[in-house]
Amino acid sequence: MSKLSLDDAARLQYSRILWKNPRTRRRLLYVWEHPDHPHRERFEENRQLVVGLLEDSDPQAYVDSLEPKKWSLRTLTREIPCVIWEFWDESKEAA
C-alpha cells in the first residue's frame with residue numbers, strides 16, 4: 001500500500017475492518033445506499049468493484065486483476081464512499 005497517501009490508506013484499512021463484521025457491513029451499506037447520500041449513485045455504479053476491494057485479502061492484487069486496467073489502488077480506494085454520521089446513527093435501528 002505504499003502508493004497510497006496516509007488518508008487513502010486509512011480509508012481503505014478502516015473500511016476493510018468495518019466490512020469484515022456483518023453488523024457494521026449492514027450499517028455501511030445503509031449509509032452508502034441512503035437516498036440522501038451525495039455519492040450514492042456513484043457507489044451503485046462501482047459497487048461490485050468497491051465490495052471486491054473490501055473483501056479481497058490483497059487489495060493491490062485485486063486491483064491488478066481488474067480488466068480493463070483503468071483502476072489503480074488509489075483511484076479505487078477513493079471510490080469507497082464516506083460515512084455520513086447522521087445516517088450512521090440512523091442505521092443503528094435498521095441494522
# chains A, B, ... in the order shown; residues from 1 in each chain; ligands from 1
call {"tool": "residues_around", "arguments": {"residues": "Leu54 in chain A", "least_positions_apart": "3", "cutoff": "9 Å", "atoms": "only C-alpha atoms", "output": "number ranges by chain"}}
result
A: 12-13, 15-17, 19-20, 49-51, 57, 59, 80
call {"tool": "closest_residue", "arguments": {"among": "A:Leu53, A:Asp89, A:Ala94, A:Arg25", "to": "Ser72 in chain A", "atoms": "only C-alpha atoms"}}
result
A:Leu53
call {"tool": "closest_residue", "arguments": {"among": "A:Val31, A:Val63, A:Cys82, A:Leu73", "to": "Ser5 in chain A", "atoms": "only C-alpha atoms"}}
result
A:Leu73
call {"tool": "select_by_dssp", "arguments": {"residues": "chain A", "states": "alpha helix (DSSP H)", "output": "PyMOL selection string"}}
result
chain A and resi 6-20+22-33+40-55+59-65+73-77+85-94
call {"tool": "closest_residue", "arguments": {"among": "A:Arg23, A:Trp85, A:Thr77, A:Leu28", "to": "Gly52 in chain A", "atoms": "only C-alpha atoms"}}
result
A:Thr77
call {"tool": "atom_distance", "arguments": {"atom1": "CA of Arg74 in chain A", "atom2": "CA of Ala9 in chain A"}}
result
8.6 Å
call {"tool": "atom_distance", "arguments": {"atom1": "CA of Pro81 in chain A", "atom2": "CA of Leu4 in chain A"}}
result
16.5 Å
call {"tool": "atom_distance", "arguments": {"atom1": "CA of Pro38 in chain A", "atom2": "CA of Glu86 in chain A"}}
result
13.0 Å
